[in-house]
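Structure, as structure tokens:
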Amino acid sequence: MDESGWRAGARCVFTLTFDVDAEAAVLAHGRRFADHAMTMSHQAYGPEVGVPRLLELLADLGVPATFFVPGWVAERRPGLAAVIAEAGHEVAHHSYSHRPPTGMSAAEERADFERALEVFADQGIEIAGHRAAGWEATWRTPELIAEHGLRYDSSLMGDDRPYLLTTSGADVVELPVHWSLDDWEQYAFLPDPHVGSVIESPAKALEMWRAELDAMRHYGCLFNLTNHPFLTGRPGRAVALRTLVEYALECGDVRFDRCRDVAERVRADRTLPRRGPEPPVVDPAVYPVD
């Protein structure tokens, strides 16, 4: 099998990613939630219990991962990013505030993006990639990523293999995501704010993700799994994740990588498509302004 392409000889590449949203994911819905002790404790479970549990799981299995951390979370817990990096995993940009860029002006998006970079620079954490809060990137986002020298994004859904986003500067590697490979859609629940209404069985999530992994092995895809420590860090869910990773390792044709390492191989693979991120032309007579 050809080992020169982005899959480096594997049938499928598995990027195991964790969005360490903590309290920021809820505060983005309104600062009033800072007064909700239960809700804040529910979110704090992620960095305080989930991350250590997941780091131990990764060490036991010997696989690398990428942790997307909002700057606000890293700033509030100054040792968090360093612990992740010292374990051999990647720390990546996940906004500062976890407010979705689609709800911001261009100036607000830039300020939030740059504030996160400043936090990681102050902590000595090298950042290579980005994931928009809630995956809600704007058409401006790739330009910001390229301007600040980051090498990849992981927010869009235009493929199940990596591709390149053209910008006015350097190309940005896109490592695509999808709702079906996100634990939020399986496990997230809070009474307020409403972030999900059904808590699924870990057995169901495991069955779904294993089926998708097998299909992606068949088609030669990127299995870009998004988990959240405040969700998958819970015991039954962590055991299900371990079972999935053990299955992937047993397959013998699945490669585990940090996102930054996949992005470097994508840049060298001339067979992958380049796409210009731009909005569709919309006739207001057909689609009136809201």
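If you're wondering about the labels, chains in the structure tokens are A, B, ... by order shown, residues count from 1 in each chain, ligands from 1 in order shown.
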
Next on the checklist: Need to verify the contact set: Leu244 in chain A, 9 Å, only C-alpha atoms, exclusion of same-chain residues closer than 6 positions in sequence. Can you return it as a PyMOL selection string?
Outcome noted: chain A and resi 206-207+209-210

What's around Pro70 in chain A at 12 Å? Count only C-alpha atoms, leave out sequence neighbours fewer than 5 positions away in its own chain, and write the answer as a PDB file with C-alpha atoms, in the first residue's frame.
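The resulting file, selection-v4.pdb, is shown below:
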ATOM      1  CA  PHE A  18     -11.479  16.235  22.749  1.00  0.00           C
ATOM      2  CA  ASP A  19     -13.141  19.644  23.034  1.00  0.00           C
ATOM      3  CA  VAL A  20     -12.376  20.823  26.564  1.00  0.00           C
ATOM      4  CA  ASP A  21     -15.226  23.335  26.651  1.00  0.00           C
ATOM      5  CA  ALA A  22     -15.818  23.277  30.428  1.00  0.00           C
ATOM      6  CA  GLU A  23     -17.929  26.173  31.697  1.00  0.00           C
ATOM      7  CA  ALA A  24     -17.356  28.239  28.528  1.00  0.00           C
ATOM      8  CA  ALA A  25     -19.804  26.140  26.497  1.00  0.00           C
ATOM      9  CA  ALA A  28     -21.613  31.382  25.819  1.00  0.00           C
ATOM     10  CA  PRO A  47     -11.248  19.441  32.975  1.00  0.00           C
ATOM     11  CA  GLU A  75      -6.501  30.852  31.334  1.00  0.00           C
ATOM     12  CA  ARG A  76      -8.732  29.800  34.235  1.00  0.00           C
ATOM     13  CA  ARG A  77      -6.727  26.581  34.698  1.00  0.00           C
ATOM     14  CA  LEU A  80      -4.229  22.278  32.065  1.00  0.00           C
ATOM     15  CA  ALA A  81      -2.722  22.764  28.582  1.00  0.00           C
ATOM     16  CA  VAL A  91      -3.316  21.316  22.316  1.00  0.00           C
ATOM     17  CA  ALA A  92      -5.238  23.279  19.680  1.00  0.00           C
ATOM     18  CA  HIS A  93      -7.179  26.547  19.403  1.00  0.00           C
ATOM     19  CA  HIS A  94     -10.912  26.408  20.191  1.00  0.00           C
ATOM     20  CA  SER A  95     -11.727  30.139  20.396  1.00  0.00           C
ATOM     21  CA  TYR A  96     -11.305  32.173  23.566  1.00  0.00           C
ATOM     22  CA  SER A  97     -14.883  32.418  24.823  1.00  0.00           C
ATOM     23  CA  HIS A  98     -16.578  29.510  23.003  1.00  0.00           C
ATOM     24  CA  ARG A  99     -19.017  32.015  21.521  1.00  0.00           C
ATOM     25  CA  PRO A 100     -19.813  30.969  17.939  1.00  0.00           C
ATOM     26  CA  ASP A 112     -11.712  36.476  20.284  1.00  0.00           C
ATOM     27  CA  PHE A 113      -9.379  34.493  17.997  1.00  0.00           C
ATOM     28  CA  GLU A 114      -6.323  36.562  18.896  1.00  0.00           C
ATOM     29  CA  ARG A 115      -7.075  36.600  22.615  1.00  0.00           C
ATOM     30  CA  ALA A 116      -6.947  32.804  22.665  1.00  0.00           C
ATOM     31  CA  LEU A 117      -3.612  32.817  20.853  1.00  0.00           C
ATOM     32  CA  GLU A 118      -2.240  35.234  23.456  1.00  0.00           C
ATOM     33  CA  VAL A 119      -3.219  32.885  26.288  1.00  0.00           C
ATOM     34  CA  PHE A 120      -1.387  29.943  24.731  1.00  0.00           C
ATOM     35  CA  HIS A 130      -8.108  25.518  15.103  1.00  0.00           C
ATOM     36  CA  ARG A 131     -11.673  24.360  15.648  1.00  0.00           C
ATOM     37  CA  ALA A 132     -14.485  26.915  15.751  1.00  0.00           C
ATOM     38  CA  ALA A 133     -16.785  26.967  18.774  1.00  0.00           C
ATOM     39  CA  GLY A 134     -19.770  24.789  17.927  1.00  0.00           C
TER      40      GLY A 134
END

May I have a table of the residues of range 54-158 of chain A lying at most 10 Å from range 258-274 of chain A, giving each one's closest pair of atoms and their distance in Å to one decimal, counting only C-alpha atoms, ordered by chain and ascending residue number, as JSON lines?
{"residue": "A:Val63", "atom": "CA", "partner": "A:Arg258", "partner_atom": "CA", "distance": 9.1}
{"residue": "A:Pro64", "atom": "CA", "partner": "A:Arg258", "partner_atom": "CA", "distance": 5.9}
{"residue": "A:Ala65", "atom": "CA", "partner": "A:Arg258", "partner_atom": "CA", "distance": 5.2}
{"residue": "A:Thr66", "atom": "CA", "partner": "A:Arg258", "partner_atom": "CA", "distance": 5.4}
{"residue": "A:Phe67", "atom": "CA", "partner": "A:Arg258", "partner_atom": "CA", "distance": 9.2}
{"residue": "A:Gly88", "atom": "CA", "partner": "A:Arg258", "partner_atom": "CA", "distance": 9.5}
{"residue": "A:His89", "atom": "CA", "partner": "A:Arg258", "partner_atom": "CA", "distance": 7.0}
{"residue": "A:Glu90", "atom": "CA", "partner": "A:Arg258", "partner_atom": "CA", "distance": 6.4}
{"residue": "A:Val91", "atom": "CA", "partner": "A:Arg258", "partner_atom": "CA", "distance": 9.5}
{"residue": "A:Ala92", "atom": "CA", "partner": "A:Arg260", "partner_atom": "CA", "distance": 8.9}
{"residue": "A:Ile127", "atom": "CA", "partner": "A:Arg260", "partner_atom": "CA", "distance": 9.1}
{"residue": "A:Ala128", "atom": "CA", "partner": "A:Arg260", "partner_atom": "CA", "distance": 6.3}
{"residue": "A:Gly129", "atom": "CA", "partner": "A:Arg260", "partner_atom": "CA", "distance": 6.7}
{"residue": "A:His130", "atom": "CA", "partner": "A:Cys259", "partner_atom": "CA", "distance": 9.9}
{"residue": "A:Leu150", "atom": "CA", "partner": "A:Arg260", "partner_atom": "CA", "distance": 9.7}
{"residue": "A:Arg151", "atom": "CA", "partner": "A:Ala263", "partner_atom": "CA", "distance": 7.0}
{"residue": "A:Tyr152", "atom": "CA", "partner": "A:Ala263", "partner_atom": "CA", "distance": 6.3}
{"residue": "A:Asp153", "atom": "CA", "partner": "A:Ala263", "partner_atom": "CA", "distance": 9.1}
{"residue": "A:Ser154", "atom": "CA", "partner": "A:Cys259", "partner_atom": "CA", "distance": 8.7}

With N, CA and C atoms kept, could you save the residues just selected as an mmCIF file, in the first residue's frame?
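Saved the output as result32.cif:
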data_model
loop_
_atom_site.group_PDB
_atom_site.id
_atom_site.type_symbol
_atom_site.label_atom_id
_atom_site.label_comp_id
_atom_site.auth_asym_id
_atom_site.auth_seq_id
_atom_site.Cartn_x
_atom_site.Cartn_y
_atom_site.Cartn_z
ATOM 1 N N VAL A 63 -2.140 5.671 22.475
ATOM 2 C CA VAL A 63 -2.580 6.399 21.282
ATOM 3 C C VAL A 63 -2.531 7.905 21.545
ATOM 4 N N PRO A 64 -2.233 8.687 20.502
ATOM 5 C CA PRO A 64 -2.192 10.147 20.641
ATOM 6 C C PRO A 64 -3.556 10.766 20.412
ATOM 7 N N ALA A 65 -3.719 12.000 20.868
ATOM 8 C CA ALA A 65 -4.994 12.699 20.705
ATOM 9 C C ALA A 65 -4.731 14.192 20.574
ATOM 10 N N THR A 66 -5.768 14.904 20.188
ATOM 11 C CA THR A 66 -5.727 16.363 20.088
ATOM 12 C C THR A 66 -6.816 16.939 20.986
ATOM 13 N N PHE A 67 -6.434 17.896 21.822
ATOM 14 C CA PHE A 67 -7.362 18.543 22.742
ATOM 15 C C PHE A 67 -7.566 19.989 22.301
ATOM 16 N N GLY A 88 2.279 14.211 25.588
ATOM 17 C CA GLY A 88 2.530 13.884 24.188
ATOM 18 C C GLY A 88 1.381 14.167 23.250
ATOM 19 N N HIS A 89 0.332 14.820 23.774
ATOM 20 C CA HIS A 89 -0.826 15.119 22.947
ATOM 21 C C HIS A 89 -0.761 16.561 22.452
ATOM 22 N N GLU A 90 -1.615 16.863 21.505
ATOM 23 C CA GLU A 90 -1.655 18.202 20.930
ATOM 24 C C GLU A 90 -2.699 19.053 21.635
ATOM 25 N N VAL A 91 -2.355 20.309 21.865
ATOM 26 C CA VAL A 91 -3.316 21.316 22.316
ATOM 27 C C VAL A 91 -3.589 22.231 21.132
ATOM 28 N N ALA A 92 -4.864 22.471 20.835
ATOM 29 C CA ALA A 92 -5.238 23.279 19.680
ATOM 30 C C ALA A 92 -6.235 24.366 20.080
ATOM 31 N N ILE A 127 0.657 26.282 19.059
ATOM 32 C CA ILE A 127 -0.651 26.008 18.470
ATOM 33 C C ILE A 127 -0.510 25.871 16.956
ATOM 34 N N ALA A 128 -1.003 24.760 16.409
ATOM 35 C CA ALA A 128 -0.924 24.526 14.962
ATOM 36 C C ALA A 128 -2.281 24.542 14.288
ATOM 37 N N GLY A 129 -3.360 24.300 15.044
ATOM 38 C CA GLY A 129 -4.662 24.147 14.415
ATOM 39 C C GLY A 129 -5.788 24.781 15.202
ATOM 40 N N HIS A 130 -6.956 24.790 14.589
ATOM 41 C CA HIS A 130 -8.108 25.518 15.103
ATOM 42 C C HIS A 130 -9.385 24.719 14.881
ATOM 43 N N LEU A 150 -1.448 29.396 11.520
ATOM 44 C CA LEU A 150 -1.908 28.059 11.885
ATOM 45 C C LEU A 150 -2.037 27.225 10.613
ATOM 46 N N ARG A 151 -1.919 25.922 10.754
ATOM 47 C CA ARG A 151 -1.813 25.078 9.564
ATOM 48 C C ARG A 151 -3.107 24.362 9.190
ATOM 49 N N TYR A 152 -4.028 24.225 10.143
ATOM 50 C CA TYR A 152 -5.247 23.494 9.800
ATOM 51 C C TYR A 152 -6.447 24.009 10.567
ATOM 52 N N ASP A 153 -7.613 23.658 10.040
ATOM 53 C CA ASP A 153 -8.895 23.890 10.685
ATOM 54 C C ASP A 153 -9.605 22.547 10.804
ATOM 55 N N SER A 154 -10.534 22.442 11.758
ATOM 56 C CA SER A 154 -11.338 21.227 11.898
ATOM 57 C C SER A 154 -12.736 21.634 12.350
#

Checklist entry - Which of range 59-290 of chain A counts as alpha helix (DSSP H) under DSSP, as JSON, numbers by chain please? => result {"A": [59, 60, 61, 71, 72, 73, 74, 75, 76, 80, 81, 82, 83, 84, 85, 86, 106, 107, 108, 109, 110, 111, 112, 113, 114, 115, 116, 117, 118, 119, 120, 121, 122, 141, 142, 143, 144, 145, 146, 147, 184, 185, 186, 187, 202, 203, 204, 205, 206, 207, 208, 209, 210, 211, 212, 213, 214, 215, 216, 217, 218, 219, 229, 230, 231, 232, 235, 236, 237, 238, 239, 240, 241, 242, 243, 244, 245, 246, 247, 248, 249, 250, 251, 259, 260, 261, 262, 263, 264, 265, 266, 267, 268]}

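Our summary of the geometry notes that CA of Glu147 in chain A is positioned 21.8 Å from CA of Trp72 in chain A.
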
Checklist entry - If you run DSSP on this backbone, which residues of range 199-264 of chain A come out as strand (DSSP E or B), and could you give them as a PyMOL selection string? => result chain A and resi 222-227+254-256

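Taking only C-alpha atoms into account, Leu144 in chain A lies nearest to A:Ala106 out of the set A:Leu225, A:Ala188, A:Ala106, A:Val289.
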
Surrounding residues of Ala215 in chain A excluding itself and chain neighbours under 6 positions, 12 Å, only C-alpha atoms, as an mmCIF file with all heavy atoms, in the first residue's frame:
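So the final result, stored in around33.cif, reads:
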data_model
loop_
_atom_site.group_PDB
_atom_site.id
_atom_site.type_symbol
_atom_site.label_atom_id
_atom_site.label_comp_id
_atom_site.auth_asym_id
_atom_site.auth_seq_id
_atom_site.Cartn_x
_atom_site.Cartn_y
_atom_site.Cartn_z
ATOM 1 N N ARG A 11 -5.571 2.141 5.993
ATOM 2 C CA ARG A 11 -6.866 2.205 5.310
ATOM 3 C C ARG A 11 -7.683 3.400 5.793
ATOM 4 O O ARG A 11 -8.496 3.957 5.056
ATOM 5 C CB ARG A 11 -7.653 0.909 5.556
ATOM 6 C CG ARG A 11 -7.044 -0.334 4.945
ATOM 7 C CD ARG A 11 -7.060 -0.281 3.427
ATOM 8 N NE ARG A 11 -8.409 -0.151 2.901
ATOM 9 C CZ ARG A 11 -9.229 -1.179 2.673
ATOM 10 N NH1 ARG A 11 -8.823 -2.416 2.927
ATOM 11 N NH2 ARG A 11 -10.430 -0.983 2.176
ATOM 12 N N CYS A 12 -7.468 3.784 7.046
ATOM 13 C CA CYS A 12 -8.241 4.860 7.671
ATOM 14 C C CYS A 12 -7.362 5.518 8.724
ATOM 15 O O CYS A 12 -6.564 4.840 9.382
ATOM 16 C CB CYS A 12 -9.505 4.267 8.310
ATOM 17 S SG CYS A 12 -10.490 5.405 9.301
ATOM 18 N N ASP A 160 -15.332 13.609 3.773
ATOM 19 C CA ASP A 160 -14.932 12.711 4.854
ATOM 20 C C ASP A 160 -13.461 12.340 4.709
ATOM 21 O O ASP A 160 -12.973 11.412 5.344
ATOM 22 C CB ASP A 160 -15.822 11.462 4.927
ATOM 23 C CG ASP A 160 -16.126 10.881 3.569
ATOM 24 O OD1 ASP A 160 -15.227 10.866 2.714
ATOM 25 O OD2 ASP A 160 -17.274 10.443 3.351
ATOM 26 N N MET A 208 -22.710 2.671 16.766
ATOM 27 C CA MET A 208 -22.751 3.610 15.652
ATOM 28 C C MET A 208 -21.343 3.975 15.185
ATOM 29 O O MET A 208 -21.047 3.977 13.981
ATOM 30 C CB MET A 208 -23.510 4.864 16.064
ATOM 31 C CG MET A 208 -23.639 5.909 14.971
ATOM 32 S SD MET A 208 -24.614 7.331 15.510
ATOM 33 C CE MET A 208 -23.510 8.024 16.743
ATOM 34 N N TRP A 209 -20.456 4.280 16.124
ATOM 35 C CA TRP A 209 -19.104 4.695 15.758
ATOM 36 C C TRP A 209 -18.304 3.538 15.170
ATOM 37 O O TRP A 209 -17.511 3.731 14.250
ATOM 38 C CB TRP A 209 -18.408 5.288 16.972
ATOM 39 C CG TRP A 209 -19.008 6.605 17.398
ATOM 40 C CD1 TRP A 209 -19.755 7.456 16.624
ATOM 41 C CD2 TRP A 209 -18.931 7.204 18.690
ATOM 42 N NE1 TRP A 209 -20.137 8.554 17.345
ATOM 43 C CE2 TRP A 209 -19.651 8.437 18.628
ATOM 44 C CE3 TRP A 209 -18.339 6.847 19.898
ATOM 45 C CZ2 TRP A 209 -19.775 9.291 19.721
ATOM 46 C CZ3 TRP A 209 -18.463 7.693 20.979
ATOM 47 C CH2 TRP A 209 -19.174 8.900 20.889
ATOM 48 N N CYS A 221 -11.100 6.882 4.626
ATOM 49 C CA CYS A 221 -11.517 8.196 5.139
ATOM 50 C C CYS A 221 -10.755 8.602 6.398
ATOM 51 O O CYS A 221 -9.945 7.854 6.942
ATOM 52 C CB CYS A 221 -13.008 8.173 5.445
ATOM 53 S SG CYS A 221 -14.055 7.799 4.036
ATOM 54 N N LEU A 222 -11.078 9.816 6.843
ATOM 55 C CA LEU A 222 -10.604 10.341 8.118
ATOM 56 C C LEU A 222 -11.705 10.158 9.159
ATOM 57 O O LEU A 222 -12.779 10.758 9.042
ATOM 58 C CB LEU A 222 -10.265 11.827 7.982
ATOM 59 C CG LEU A 222 -9.871 12.541 9.282
ATOM 60 C CD1 LEU A 222 -8.532 12.031 9.799
ATOM 61 C CD2 LEU A 222 -9.831 14.056 9.064
ATOM 62 N N PHE A 223 -11.439 9.339 10.155
ATOM 63 C CA PHE A 223 -12.387 9.124 11.255
ATOM 64 C C PHE A 223 -12.036 10.147 12.333
ATOM 65 O O PHE A 223 -11.183 9.919 13.191
ATOM 66 C CB PHE A 223 -12.264 7.690 11.771
ATOM 67 C CG PHE A 223 -13.311 7.303 12.784
ATOM 68 C CD1 PHE A 223 -14.542 6.812 12.375
ATOM 69 C CD2 PHE A 223 -13.057 7.405 14.145
ATOM 70 C CE1 PHE A 223 -15.515 6.441 13.310
ATOM 71 C CE2 PHE A 223 -14.011 7.034 15.083
ATOM 72 C CZ PHE A 223 -15.240 6.552 14.657
#

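In this comparison, which uses only C-alpha atoms, the residue of A:Val245, A:Ala205, A:Ala44, A:Val281 approaching Asp60 in chain A most closely is A:Val245.
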
Within 12 Å of Pro279 in chain A, counting only C-alpha atoms, which residues qualify if same-chain residues fewer than 6 places away don't, as a PDB file with N, CA, C and O atoms, in the first residue's frame?
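File selection-v1.pdb, as written:
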ATOM      1  N   THR A 138     -17.118  31.046  10.199  1.00  0.00           N
ATOM      2  CA  THR A 138     -17.636  31.954   9.187  1.00  0.00           C
ATOM      3  C   THR A 138     -16.795  31.800   7.923  1.00  0.00           C
ATOM      4  O   THR A 138     -15.766  31.108   7.912  1.00  0.00           O
ATOM      5  N   TRP A 139     -17.205  32.473   6.857  1.00  0.00           N
ATOM      6  CA  TRP A 139     -16.391  32.467   5.633  1.00  0.00           C
ATOM      7  C   TRP A 139     -15.094  33.231   5.839  1.00  0.00           C
ATOM      8  O   TRP A 139     -14.152  33.093   5.051  1.00  0.00           O
ATOM      9  N   ARG A 140     -15.010  34.033   6.914  1.00  0.00           N
ATOM     10  CA  ARG A 140     -13.784  34.769   7.238  1.00  0.00           C
ATOM     11  C   ARG A 140     -12.765  33.913   7.964  1.00  0.00           C
ATOM     12  O   ARG A 140     -11.571  34.220   7.979  1.00  0.00           O
TER      13      ARG A 140
END

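Of the listed residues A:His42, A:His178, A:Arg217, A:Lys204, the one whose atoms come nearest to Arg7 in chain A is A:Arg217, with distances taken using only C-alpha atoms.
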
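Nearest residue to Ile84 in chain A among A:Glu136, A:Met104, A:Pro52, A:Gly62 is A:Pro52, counting only C-alpha atoms.
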
Item to check | Which of A:Ala285, A:Met157, A:Val13, A:Val173 sits closest to Gly220 in chain A [using only C-alpha atoms] | outcome: A:Val13
